[in-house]
Amino acid sequence: MQLFPCPFCGPREESEFHYGGEAGNLRPDGGDVTAERWAGYLHMRHNSKGPTREIWMHLTCGEFFAMTRDSVNHKVSGSSVLGETEHGA
Amino acid sequence: MTRHYSALSLFKEGVAGQTGWEKAWRSPEPKPRYDAIIIGGGGHGLATAYYLAKNHGVTNVALLEKGWIGGGNTGRNTTVVRSNYFYPESAAIYGLAHSLYKTLSKDLNYNVMFSARGILTLAHSEAGMETAARSVNAIQVNGIDCELFSVEDVRRVVPIYNFSPDARYPVYGGTWQPSGGTARHDAVAWGYARAASRLGVDIIQNCEITDFIIENGRCRGVVTSRGAIRAERTGMAVAGHSSVLAAKAGFRLPVNSYALQACVSEPVKPILDTVVISPDTGVYVSQSDKGELVIGGALDRIPSYGQRGNLPVLEGVIAGMLDMYPIFGQLKMMRQWAGIVDVVPDSSPIIGESPLPGLFLNCGWGTGGFKAIPAGGTLLAHLLATGTHHDISRPFDLDRFARGRLIDEAAGSGIAH
Ligand SMILES: Cc1cc2nc3c(=O)[nH]c(=O)nc-3n(C[C@H](O)[C@H](O)[C@H](O)COP(=O)(O)OP(=O)(O)OC[C@H]3O[C@@H](n4cnc5c(N)ncnc54)[C@H](O)[C@@H]3O)c2cc1C
Ligand SMILES: [Zn+2]
């Protein structure tokens, strides 16, 4: 069992967490958003191999946060409270 | 040199001490230019190569694989082949694959050990039975064989199930596709490779694509660990690595990569002669021809390129299996492994030209593309040869995400992924 760091609760078992998507995927604003732009927001992903910055939810405390993780070896290098620009989940 | 596999050639080689067999496929040096390039030596890439040569007469083709053929998901899956899908578009694609599987051994002159042993998808509640009845109706309307099973039917087919009154997952019935079954996964890769090579396709292993050659906005070939190779049309079927190559070609895909695990037990005497899937426990089991129980389960919880899987999911799979089959309590597990699968929001494949003209996609098969290999190959070959869609592949084009015409097969896949 791997431990993930919740910025509010500290290190907890991986099964307490839910993946919430890539960080920085911002919802398009306004009335004239093209179908391609909507599809990009809803469906298209970088799905990077290696270091990634992701949104996660700690199910136990119910908080969203950002985590930096390597998608190949699963090493977590840090987690932080969400900044203004990362409310993309 | 003995090329053809037959009772007579087996006998002749037996007498001659097995010295005259020719290699199953050639391993030529890559040429600088081909009529078409295929990236990925899994089942889909190899089948594409074969059907390009066989159906379209395009034989000046290179199939490029970074590792060894069949070393990806094609050699890591649990070998289930079926076509009991909900939507007509899906039934068309998986139905085509299933019909080609039935005669594949003869077509390829290679025994892929297709075994139509029947597939049972269980229902564990009254609501589950209603969903099952709805599925059976849809599947039958799609022209595919499928029946609704009662508890008695299940008892007849899977007597080892836990039918005790205090079972955590009681059986209410299920759906049954009599013509579903399994095929030998390695043999599918090797059979297509051998048949394609004999039609002239160059199969080149240990050849990783590191970049695309892009000129005037078109894909004109690839840069590889063994040099540049040019072609006017390139197809890619790299499963879990689709996003990695898409990034090199300058676009994104609606794909998330996840590890999917499986495990096999020690071999035991014949005890299960069908495939049993339980959407509620997320576990499915069949018995291989060697006697091992082949056990598959849920997708890993974490997006991943780590081709080994993680423990919490495996624990859940084993727990569910023991609840369903207490008789397996003493079984020893021999091996566990994972493959990296490409999961798409609507659980349907992506087939069509990519945003980079000249580069064509076959990906997004997720956790269920082994059963689809003959169809995926037929359709990508059609695209590479003609530049246009086959009727069956049109609905699976990448443009469906912007047009909103998703083919949401999460339910039809029979298990929650
Ligand atoms: C545990 C598990 C169980 C499964 N069970 C079933 C099942 O029962 N039934 C079913 O229908 N499906 C099942 N699947 C899914 C099925 O295995 C896949 O959908 C299918 O094998 C995909 O085939 P493919 O040819 O597209 O990909 P792969 O077989 O993965 O082949 C892709 C190839 O591309 C190569 N490649 C990647 N990047 C590059 C590069 N840069 N350059 C060159 N080559 C590259 C890889 O090395 C690989 O060999 C399962 C999968 C797993 C992991
Ligand atoms: Zn927390």
# chains A, B, ... in the order shown; residues from 1 in each chain; ligands from 1
call {"tool": "residues_near_ligand", "arguments": {"ligand": "ligand 2", "cutoff": "8 Å", "atoms": "only C-alpha atoms and all ligand atoms", "output": "ChimeraX atom specification"}}
result
/A:6-10,57-63
call {"tool": "write_last_selection", "arguments": {"atoms": "C-alpha atoms", "output": "CSV table (one decimal), in the first residue's frame"}}
result
chain,number,residue,atom,x,y,z
A,6,CYS,CA,-2.9,15.0,1.9
A,7,PRO,CA,-1.9,18.7,2.6
A,8,PHE,CA,-4.6,18.7,5.3
A,9,CYS,CA,-4.3,15.3,7.0
A,10,GLY,CA,-0.7,14.2,6.2
A,57,MET,CA,-9.4,14.3,-3.7
A,58,HIS,CA,-8.9,12.9,-0.2
A,59,LEU,CA,-12.2,11.1,0.3
A,60,THR,CA,-11.8,11.0,4.1
A,61,CYS,CA,-11.6,14.8,4.6
A,62,GLY,CA,-13.3,15.7,1.3
A,63,GLU,CA,-10.7,18.2,0.2
call {"tool": "interface_residues", "arguments": {"of": "chain A", "to": "chain B", "cutoff": "7 Å", "atoms": "only C-alpha atoms", "output": "PyMOL selection string"}}
result
chain A and resi 1+19+35-36+39+43-49+71-73
call {"tool": "residues_near_ligand", "arguments": {"ligand": "ligand 1", "cutoff": "7 Å", "atoms": "only C-alpha atoms and all ligand atoms", "output": "PyMOL selection string"}}
result
chain B and resi 39-45+64-81+207-210+237-241+245+259-262+296+338-341+363+365-373
call {"tool": "write_last_selection", "arguments": {"atoms": "C-alpha atoms", "output": "CSV table (one decimal), in the first residue's frame"}}
result
chain,number,residue,atom,x,y,z
B,39,ILE,CA,3.7,1.5,-35.7
B,40,GLY,CA,3.1,-1.1,-33.0
B,41,GLY,CA,3.6,-4.9,-33.2
B,42,GLY,CA,0.6,-5.9,-31.1
B,43,GLY,CA,-2.4,-7.8,-32.5
B,44,HIS,CA,-3.9,-4.7,-34.1
B,45,GLY,CA,-0.7,-3.6,-35.9
B,64,LEU,CA,7.8,-1.3,-36.5
B,65,GLU,CA,7.8,-2.5,-32.9
B,66,LYS,CA,9.9,-1.0,-30.1
B,67,GLY,CA,10.2,-4.2,-28.2
B,68,TRP,CA,9.1,-7.6,-29.4
B,69,ILE,CA,5.9,-8.5,-31.3
B,70,GLY,CA,3.1,-9.4,-28.9
B,71,GLY,CA,5.0,-8.0,-25.9
B,72,GLY,CA,2.3,-5.4,-25.2
B,73,ASN,CA,-1.2,-6.0,-24.2
B,74,THR,CA,-1.7,-8.6,-26.8
B,75,GLY,CA,0.5,-10.9,-24.9
B,76,ARG,CA,-0.8,-9.8,-21.5
B,77,ASN,CA,-4.6,-10.2,-21.8
B,78,THR,CA,-7.0,-12.8,-20.5
B,79,THR,CA,-7.9,-13.9,-24.0
B,80,VAL,CA,-11.7,-13.4,-23.9
B,81,VAL,CA,-13.4,-13.1,-27.3
B,207,CYS,CA,12.7,-0.3,-33.5
B,208,GLU,CA,11.3,2.5,-31.4
B,209,ILE,CA,9.5,5.5,-33.0
B,210,THR,CA,11.0,8.6,-31.5
B,237,ALA,CA,-1.7,1.0,-33.0
B,238,VAL,CA,0.3,1.4,-29.8
B,239,ALA,CA,-2.4,1.0,-27.2
B,240,GLY,CA,-1.3,2.5,-23.8
B,241,HIS,CA,1.3,4.7,-25.5
B,245,LEU,CA,3.1,9.4,-29.8
B,259,ALA,CA,-2.6,-0.5,-15.6
B,260,LEU,CA,-4.9,-3.5,-15.9
B,261,GLN,CA,-3.8,-6.6,-14.0
B,262,ALA,CA,-4.4,-10.3,-14.3
B,296,GLY,CA,-9.0,-10.7,-14.4
B,338,ALA,CA,-0.2,-5.8,-15.8
B,339,GLY,CA,-0.6,-4.1,-19.2
B,340,ILE,CA,-1.0,-0.4,-19.9
B,341,VAL,CA,-4.4,0.1,-21.5
B,363,CYS,CA,-6.4,3.0,-30.4
B,365,TRP,CA,-9.5,-0.3,-27.1
B,366,GLY,CA,-8.9,0.0,-23.4
B,367,THR,CA,-9.5,-3.2,-21.6
B,368,GLY,CA,-11.3,-5.1,-24.4
B,369,GLY,CA,-9.4,-4.9,-27.7
B,370,PHE,CA,-8.1,-8.5,-27.9
B,371,LYS,CA,-11.4,-9.7,-29.1
B,372,ALA,CA,-11.4,-6.9,-31.8
B,373,ILE,CA,-8.0,-7.6,-33.4
call {"tool": "residues_around", "arguments": {"residues": "Pro51 of chain A", "least_positions_apart": "3", "cutoff": "7 Å", "atoms": "only C-alpha atoms", "output": "list in words"}}
result
Thr68, Arg69, Asp70 and Ser71 of chain A
call {"tool": "write_last_selection", "arguments": {"atoms": "C-alpha atoms", "output": "tab-separated table (two decimals), in the first residue's frame"}}
result
chain	number	residue	atom	x	y	z
A	68	THR	CA	3.01	16.00	-8.34
A	69	ARG	CA	3.51	12.37	-9.22
A	70	ASP	CA	5.55	10.30	-11.68
A	71	SER	CA	3.18	8.19	-13.77
call {"tool": "select_by_dssp", "arguments": {"residues": "segment 53-84 of chain A", "states": "strand (DSSP E)", "output": "ChimeraX atom specification"}}
result
/A:53-58,63-70,76-80
call {"tool": "write_last_selection", "arguments": {"atoms": "all heavy atoms", "output": "compact mmCIF listing (two decimals), in the first residue's frame"}}
result
# COMPACT_ATOMS: atom_id res chain seq x y z
N ARG A 53 1.33 16.76 -12.98
CA ARG A 53 0.69 17.49 -11.91
C ARG A 53 -0.80 17.24 -12.01
O ARG A 53 -1.42 17.49 -13.05
CB ARG A 53 1.02 18.98 -12.05
CG ARG A 53 0.67 19.76 -10.80
CD ARG A 53 1.48 21.05 -10.74
NE ARG A 53 0.94 21.95 -9.72
CZ ARG A 53 1.14 21.78 -8.41
NH1 ARG A 53 1.87 20.77 -7.97
NH2 ARG A 53 0.61 22.61 -7.53
N GLU A 54 -1.38 16.71 -10.93
CA GLU A 54 -2.76 16.22 -10.99
C GLU A 54 -3.61 16.76 -9.85
O GLU A 54 -3.09 17.17 -8.81
CB GLU A 54 -2.75 14.68 -10.87
CG GLU A 54 -1.91 13.98 -11.91
CD GLU A 54 -1.63 12.53 -11.62
OE1 GLU A 54 -1.53 12.15 -10.43
OE2 GLU A 54 -1.52 11.75 -12.58
N ILE A 55 -4.92 16.74 -10.05
CA ILE A 55 -5.87 17.08 -8.99
C ILE A 55 -6.31 15.77 -8.33
O ILE A 55 -6.64 14.79 -9.02
CB ILE A 55 -7.13 17.77 -9.57
CG1 ILE A 55 -6.75 18.94 -10.47
CG2 ILE A 55 -8.07 18.18 -8.45
CD1 ILE A 55 -6.21 20.14 -9.76
N TRP A 56 -6.29 15.74 -7.02
CA TRP A 56 -6.75 14.56 -6.28
C TRP A 56 -7.73 14.99 -5.21
O TRP A 56 -7.74 16.13 -4.77
CB TRP A 56 -5.55 13.85 -5.61
CG TRP A 56 -4.73 13.07 -6.59
CD1 TRP A 56 -3.80 13.56 -7.45
CD2 TRP A 56 -4.78 11.66 -6.80
NE1 TRP A 56 -3.26 12.54 -8.20
CE2 TRP A 56 -3.84 11.36 -7.82
CE3 TRP A 56 -5.52 10.61 -6.24
CZ2 TRP A 56 -3.62 10.06 -8.28
CZ3 TRP A 56 -5.30 9.32 -6.69
CH2 TRP A 56 -4.38 9.05 -7.71
N MET A 57 -8.55 14.02 -4.79
CA MET A 57 -9.44 14.30 -3.66
C MET A 57 -9.12 13.31 -2.55
O MET A 57 -8.97 12.11 -2.81
CB MET A 57 -10.90 14.14 -4.08
CG MET A 57 -11.87 14.54 -2.99
SD MET A 57 -13.55 14.07 -3.42
CE MET A 57 -14.43 14.82 -2.07
N HIS A 58 -9.00 13.82 -1.33
CA HIS A 58 -8.88 12.93 -0.19
C HIS A 58 -10.29 12.64 0.29
O HIS A 58 -10.98 13.51 0.82
CB HIS A 58 -8.02 13.57 0.90
CG HIS A 58 -7.77 12.64 2.05
ND1 HIS A 58 -7.48 13.07 3.32
CD2 HIS A 58 -7.75 11.28 2.09
CE1 HIS A 58 -7.32 12.01 4.11
NE2 HIS A 58 -7.47 10.92 3.38
N GLU A 63 -11.37 17.05 0.82
CA GLU A 63 -10.68 18.21 0.22
C GLU A 63 -10.01 17.84 -1.11
O GLU A 63 -9.45 16.76 -1.25
CB GLU A 63 -9.60 18.73 1.17
CG GLU A 63 -10.14 19.38 2.44
CD GLU A 63 -10.67 20.79 2.21
OE1 GLU A 63 -10.54 21.32 1.09
OE2 GLU A 63 -11.23 21.36 3.17
N PHE A 64 -10.07 18.78 -2.06
CA PHE A 64 -9.30 18.66 -3.29
C PHE A 64 -7.93 19.28 -3.09
O PHE A 64 -7.79 20.24 -2.33
CB PHE A 64 -10.00 19.39 -4.44
CG PHE A 64 -11.18 18.66 -5.00
CD1 PHE A 64 -12.46 18.88 -4.49
CD2 PHE A 64 -11.01 17.75 -6.02
CE1 PHE A 64 -13.56 18.20 -5.01
CE2 PHE A 64 -12.10 17.07 -6.55
CZ PHE A 64 -13.37 17.28 -6.04
N PHE A 65 -6.92 18.75 -3.78
CA PHE A 65 -5.57 19.35 -3.71
C PHE A 65 -4.79 18.96 -4.96
O PHE A 65 -5.25 18.15 -5.76
CB PHE A 65 -4.84 18.91 -2.43
CG PHE A 65 -4.59 17.42 -2.36
CD1 PHE A 65 -3.38 16.87 -2.76
CD2 PHE A 65 -5.57 16.55 -1.88
CE1 PHE A 65 -3.15 15.51 -2.70
CE2 PHE A 65 -5.36 15.18 -1.82
CZ PHE A 65 -4.14 14.65 -2.22
N ALA A 66 -3.62 19.56 -5.16
CA ALA A 66 -2.77 19.23 -6.31
C ALA A 66 -1.61 18.35 -5.85
O ALA A 66 -1.08 18.54 -4.75
CB ALA A 66 -2.23 20.50 -6.95
N MET A 67 -1.26 17.37 -6.67
CA MET A 67 -0.17 16.46 -6.30
C MET A 67 0.75 16.29 -7.52
O MET A 67 0.27 16.20 -8.65
CB MET A 67 -0.77 15.11 -5.88
CG MET A 67 0.22 14.14 -5.30
SD MET A 67 -0.62 12.89 -4.28
CE MET A 67 -0.93 11.62 -5.49
N THR A 68 2.05 16.25 -7.27
CA THR A 68 3.01 16.00 -8.34
C THR A 68 3.49 14.57 -8.20
O THR A 68 3.96 14.15 -7.15
CB THR A 68 4.20 16.98 -8.24
OG1 THR A 68 3.68 18.29 -8.10
CG2 THR A 68 5.06 16.92 -9.47
N ARG A 69 3.32 13.80 -9.30
CA ARG A 69 3.51 12.37 -9.22
C ARG A 69 4.18 11.93 -10.51
O ARG A 69 4.00 12.55 -11.55
CB ARG A 69 2.11 11.72 -9.13
CG ARG A 69 2.05 10.28 -8.73
CD ARG A 69 0.58 9.85 -8.61
NE ARG A 69 -0.09 9.86 -9.90
CZ ARG A 69 -0.25 8.77 -10.67
NH1 ARG A 69 0.15 7.61 -10.26
NH2 ARG A 69 -0.85 8.86 -11.84
N ASP A 70 4.96 10.86 -10.47
CA ASP A 70 5.55 10.30 -11.68
C ASP A 70 4.66 9.12 -12.11
O ASP A 70 4.46 8.18 -11.35
CB ASP A 70 6.98 9.83 -11.39
CG ASP A 70 7.70 9.41 -12.65
OD1 ASP A 70 7.17 8.54 -13.39
OD2 ASP A 70 8.79 9.92 -12.90
N VAL A 76 5.69 10.11 -5.52
CA VAL A 76 5.04 11.40 -5.29
C VAL A 76 6.09 12.37 -4.79
O VAL A 76 6.77 12.08 -3.81
CB VAL A 76 3.90 11.25 -4.26
CG1 VAL A 76 3.31 12.62 -3.94
CG2 VAL A 76 2.83 10.32 -4.79
N SER A 77 6.22 13.54 -5.46
CA SER A 77 7.26 14.47 -5.00
C SER A 77 6.67 15.63 -4.22
O SER A 77 7.40 16.49 -3.74
CB SER A 77 8.10 14.96 -6.18
OG SER A 77 7.26 15.52 -7.15
N GLY A 78 5.34 15.70 -4.09
CA GLY A 78 4.78 16.76 -3.26
C GLY A 78 3.31 16.95 -3.51
O GLY A 78 2.76 16.48 -4.52
N SER A 79 2.65 17.64 -2.56
CA SER A 79 1.25 17.97 -2.76
C SER A 79 1.00 19.35 -2.17
O SER A 79 1.73 19.79 -1.29
CB SER A 79 0.34 16.93 -2.10
OG SER A 79 0.49 16.98 -0.70
N SER A 80 0.00 20.05 -2.68
CA SER A 80 -0.25 21.40 -2.20
C SER A 80 -1.73 21.75 -2.29
O SER A 80 -2.48 21.16 -3.07
CB SER A 80 0.57 22.41 -3.03
OG SER A 80 0.20 22.31 -4.38
call {"tool": "atom_distance", "arguments": {"atom1": "atom CA of Val222 of chain B", "atom2": "atom CA of Lys31 of chain B"}}
result
12.2 Å
call {"tool": "atom_distance", "arguments": {"atom1": "atom CA of Met236 of chain B", "atom2": "atom CA of Arg33 of chain B"}}
result
16.9 Å
call {"tool": "atom_distance", "arguments": {"atom1": "atom CA of Gly376 of chain B", "atom2": "atom CA of Gln177 of chain B"}}
result
21.6 Å
call {"tool": "residues_around", "arguments": {"residues": "Arg220 of chain B", "least_positions_apart": "4", "cutoff": "8 Å", "atoms": "only C-alpha atoms", "output": "JSON, numbers by chain"}}
result
{"B": [212, 213, 214, 215, 230, 231, 232, 233, 234, 358]}
call {"tool": "residues_around", "arguments": {"residues": "segment 101-109 of chain B", "least_positions_apart": "6", "cutoff": "12 Å", "atoms": "only C-alpha atoms", "output": "number ranges by chain"}}
result
B: 3-7, 24, 47, 50-51, 54, 80-83, 94-95, 115-116, 179-185, 187-199, 370-375
call {"tool": "write_last_selection", "arguments": {"atoms": "C-alpha atoms", "output": "PDB file, in the first residue's frame"}}
result
ATOM      1  CA  ARG B   3       6.690 -23.534 -44.880  1.00  0.00           C
ATOM      2  CA  HIS B   4       3.121 -24.798 -44.630  1.00  0.00           C
ATOM      3  CA  TYR B   5       1.718 -26.328 -41.446  1.00  0.00           C
ATOM      4  CA  SER B   6      -0.240 -29.536 -42.153  1.00  0.00           C
ATOM      5  CA  ALA B   7      -0.490 -33.136 -40.957  1.00  0.00           C
ATOM      6  CA  ALA B  24       7.999 -18.082 -38.789  1.00  0.00           C
ATOM      7  CA  ALA B  47      -3.456  -7.706 -38.323  1.00  0.00           C
ATOM      8  CA  TYR B  50      -1.726  -8.760 -42.926  1.00  0.00           C
ATOM      9  CA  TYR B  51      -5.004  -7.288 -44.242  1.00  0.00           C
ATOM     10  CA  LYS B  54      -4.177  -9.638 -48.326  1.00  0.00           C
ATOM     11  CA  VAL B  80     -11.703 -13.437 -23.855  1.00  0.00           C
ATOM     12  CA  VAL B  81     -13.410 -13.145 -27.256  1.00  0.00           C
ATOM     13  CA  ARG B  82     -17.100 -12.158 -27.515  1.00  0.00           C
ATOM     14  CA  SER B  83     -19.411  -9.767 -29.374  1.00  0.00           C
ATOM     15  CA  TYR B  94     -17.001  -6.729 -32.563  1.00  0.00           C
ATOM     16  CA  GLY B  95     -19.275  -8.922 -34.694  1.00  0.00           C
ATOM     17  CA  SER B 115     -12.534 -22.031 -28.422  1.00  0.00           C
ATOM     18  CA  ALA B 116     -16.258 -21.109 -28.401  1.00  0.00           C
ATOM     19  CA  SER B 179     -20.485 -18.472 -29.360  1.00  0.00           C
ATOM     20  CA  GLY B 180     -18.142 -16.442 -27.132  1.00  0.00           C
ATOM     21  CA  GLY B 181     -14.977 -17.960 -25.736  1.00  0.00           C
ATOM     22  CA  THR B 182     -11.221 -17.606 -25.744  1.00  0.00           C
ATOM     23  CA  ALA B 183      -8.284 -17.718 -28.181  1.00  0.00           C
ATOM     24  CA  ARG B 184      -4.569 -18.166 -27.599  1.00  0.00           C
ATOM     25  CA  HIS B 185      -3.260 -14.575 -27.448  1.00  0.00           C
ATOM     26  CA  ALA B 187      -0.712 -17.366 -31.311  1.00  0.00           C
ATOM     27  CA  VAL B 188      -2.853 -14.534 -32.667  1.00  0.00           C
ATOM     28  CA  ALA B 189       0.209 -12.257 -32.777  1.00  0.00           C
ATOM     29  CA  TRP B 190       2.522 -14.934 -34.166  1.00  0.00           C
ATOM     30  CA  GLY B 191      -0.025 -16.170 -36.711  1.00  0.00           C
ATOM     31  CA  TYR B 192      -0.627 -12.699 -38.136  1.00  0.00           C
ATOM     32  CA  ALA B 193       3.120 -11.959 -38.138  1.00  0.00           C
ATOM     33  CA  ARG B 194       3.932 -15.145 -40.041  1.00  0.00           C
ATOM     34  CA  ALA B 195       1.138 -14.648 -42.569  1.00  0.00           C
ATOM     35  CA  ALA B 196       2.006 -10.949 -43.123  1.00  0.00           C
ATOM     36  CA  SER B 197       5.720 -11.694 -43.499  1.00  0.00           C
ATOM     37  CA  ARG B 198       4.978 -14.306 -46.134  1.00  0.00           C
ATOM     38  CA  LEU B 199       2.977 -11.751 -48.117  1.00  0.00           C
ATOM     39  CA  PHE B 370      -8.053  -8.483 -27.938  1.00  0.00           C
ATOM     40  CA  LYS B 371     -11.435  -9.710 -29.145  1.00  0.00           C
ATOM     41  CA  ALA B 372     -11.402  -6.931 -31.760  1.00  0.00           C
ATOM     42  CA  ILE B 373      -8.017  -7.584 -33.373  1.00  0.00           C
ATOM     43  CA  PRO B 374      -9.238  -8.967 -36.741  1.00  0.00           C
ATOM     44  CA  ALA B 375     -11.654  -6.027 -37.116  1.00  0.00           C
TER      45      ALA B 375
END
call {"tool": "select_by_dssp", "arguments": {"residues": "chain A", "states": "helix (DSSP H, G or I)", "output": "PyMOL selection string"}}
result
chain A and resi 14-16+35-42+84-86
call {"tool": "residues_around", "arguments": {"residues": "Ile392 of chain B", "least_positions_apart": "2", "cutoff": "12 Å", "atoms": "only C-alpha atoms", "output": "NGL selection string"}}
result
:B and (88-97 or 349-352 or 375-376 or 378-380 or 382-383 or 388-390 or 394-397)
call {"tool": "write_last_selection", "arguments": {"atoms": "N, CA, C and O atoms", "output": "CSV table (one decimal), in the first residue's frame"}}
result
chain,number,residue,atom,x,y,z
B,88,PRO,N,-25.6,-0.8,-31.9
B,88,PRO,CA,-25.4,-1.4,-33.3
B,88,PRO,C,-24.0,-1.1,-33.8
B,88,PRO,O,-23.4,-2.0,-34.4
B,89,GLU,N,-23.4,0.1,-33.6
B,89,GLU,CA,-22.1,0.4,-34.1
B,89,GLU,C,-21.0,-0.6,-33.5
B,89,GLU,O,-20.1,-1.0,-34.2
B,90,SER,N,-21.2,-0.8,-32.2
B,90,SER,CA,-20.2,-1.8,-31.5
B,90,SER,C,-20.5,-3.2,-32.0
B,90,SER,O,-19.5,-3.9,-32.2
B,91,ALA,N,-21.7,-3.6,-32.1
B,91,ALA,CA,-22.0,-4.9,-32.5
B,91,ALA,C,-21.4,-5.2,-33.9
B,91,ALA,O,-20.9,-6.2,-34.2
B,92,ALA,N,-21.4,-4.1,-34.8
B,92,ALA,CA,-20.9,-4.3,-36.1
B,92,ALA,C,-19.4,-4.5,-36.0
B,92,ALA,O,-18.8,-5.4,-36.7
B,93,ILE,N,-18.7,-3.8,-35.2
B,93,ILE,CA,-17.2,-3.9,-35.2
B,93,ILE,C,-16.8,-5.2,-34.5
B,93,ILE,O,-16.0,-6.0,-35.0
B,94,TYR,N,-17.4,-5.5,-33.3
B,94,TYR,CA,-17.0,-6.7,-32.6
B,94,TYR,C,-17.6,-8.0,-33.2
B,94,TYR,O,-17.0,-9.1,-33.2
B,95,GLY,N,-18.7,-7.8,-33.9
B,95,GLY,CA,-19.3,-8.9,-34.7
B,95,GLY,C,-18.4,-9.3,-35.9
B,95,GLY,O,-18.1,-10.5,-36.1
B,96,LEU,N,-17.8,-8.3,-36.6
B,96,LEU,CA,-16.9,-8.5,-37.7
B,96,LEU,C,-15.7,-9.3,-37.1
B,96,LEU,O,-15.2,-10.3,-37.7
B,97,ALA,N,-15.2,-8.8,-36.0
B,97,ALA,CA,-14.0,-9.5,-35.4
B,97,ALA,C,-14.3,-10.9,-35.1
B,97,ALA,O,-13.5,-11.9,-35.4
B,349,PRO,N,-13.4,2.4,-29.2
B,349,PRO,CA,-12.1,2.6,-29.8
B,349,PRO,C,-12.1,3.9,-30.6
B,349,PRO,O,-13.2,4.4,-31.0
B,350,ILE,N,-10.9,4.4,-31.0
B,350,ILE,CA,-10.8,5.5,-31.9
B,350,ILE,C,-10.1,5.0,-33.2
B,350,ILE,O,-9.0,4.5,-33.1
B,351,ILE,N,-10.8,5.1,-34.3
B,351,ILE,CA,-10.2,4.6,-35.6
B,351,ILE,C,-10.5,5.7,-36.6
B,351,ILE,O,-11.6,6.2,-36.8
B,352,GLY,N,-9.4,6.2,-37.3
B,352,GLY,CA,-9.6,7.2,-38.3
B,352,GLY,C,-8.3,8.0,-38.5
B,352,GLY,O,-7.3,7.8,-37.8
B,375,ALA,N,-10.9,-7.2,-36.6
B,375,ALA,CA,-11.7,-6.0,-37.1
B,375,ALA,C,-10.8,-4.8,-37.1
B,375,ALA,O,-10.8,-4.0,-38.1
B,376,GLY,N,-10.1,-4.5,-36.0
B,376,GLY,CA,-9.2,-3.4,-36.0
B,376,GLY,C,-8.2,-3.4,-37.1
B,376,GLY,O,-7.9,-2.4,-37.7
B,378,THR,N,-8.6,-5.0,-40.1
B,378,THR,CA,-9.3,-4.8,-41.3
B,378,THR,C,-9.5,-3.3,-41.6
B,378,THR,O,-9.3,-2.8,-42.7
B,379,LEU,N,-10.0,-2.6,-40.5
B,379,LEU,CA,-10.4,-1.2,-40.7
B,379,LEU,C,-9.2,-0.3,-40.8
B,379,LEU,O,-9.3,0.6,-41.7
B,380,LEU,N,-8.1,-0.5,-40.1
B,380,LEU,CA,-7.0,0.4,-40.2
B,380,LEU,C,-6.3,0.1,-41.6
B,380,LEU,O,-5.9,1.1,-42.3
B,382,HIS,N,-7.9,-0.7,-44.3
B,382,HIS,CA,-8.8,0.0,-45.2
B,382,HIS,C,-8.5,1.5,-45.3
B,382,HIS,O,-8.4,2.1,-46.4
B,383,LEU,N,-8.3,2.1,-44.1
B,383,LEU,CA,-7.9,3.5,-44.1
B,383,LEU,C,-6.6,3.8,-44.7
B,383,LEU,O,-6.4,4.7,-45.5
B,388,THR,N,-9.8,6.6,-46.8
B,388,THR,CA,-11.1,6.9,-46.3
B,388,THR,C,-11.7,5.8,-45.4
B,388,THR,O,-11.1,4.7,-45.4
B,389,HIS,N,-12.7,6.1,-44.7
B,389,HIS,CA,-13.3,5.2,-43.7
B,389,HIS,C,-14.0,4.0,-44.4
B,389,HIS,O,-14.7,4.2,-45.5
B,390,HIS,N,-14.0,2.9,-43.8
B,390,HIS,CA,-14.9,1.8,-44.0
B,390,HIS,C,-16.2,2.1,-43.3
B,390,HIS,O,-16.1,2.9,-42.3
B,394,ARG,N,-16.5,4.4,-39.5
B,394,ARG,CA,-16.9,5.8,-39.5
B,394,ARG,C,-17.3,6.4,-38.2
B,394,ARG,O,-16.9,7.4,-37.7
B,395,PRO,N,-18.2,5.6,-37.5
B,395,PRO,CA,-18.7,6.2,-36.2
B,395,PRO,C,-17.6,6.3,-35.1
B,395,PRO,O,-17.8,6.9,-34.1
B,396,PHE,N,-16.5,5.6,-35.3
B,396,PHE,CA,-15.4,5.6,-34.3
B,396,PHE,C,-14.4,6.6,-34.6
B,396,PHE,O,-13.3,6.6,-33.9
B,397,ASP,N,-14.6,7.5,-35.5
B,397,ASP,CA,-13.6,8.6,-35.8
B,397,ASP,C,-13.4,9.5,-34.6
B,397,ASP,O,-14.3,9.7,-33.8
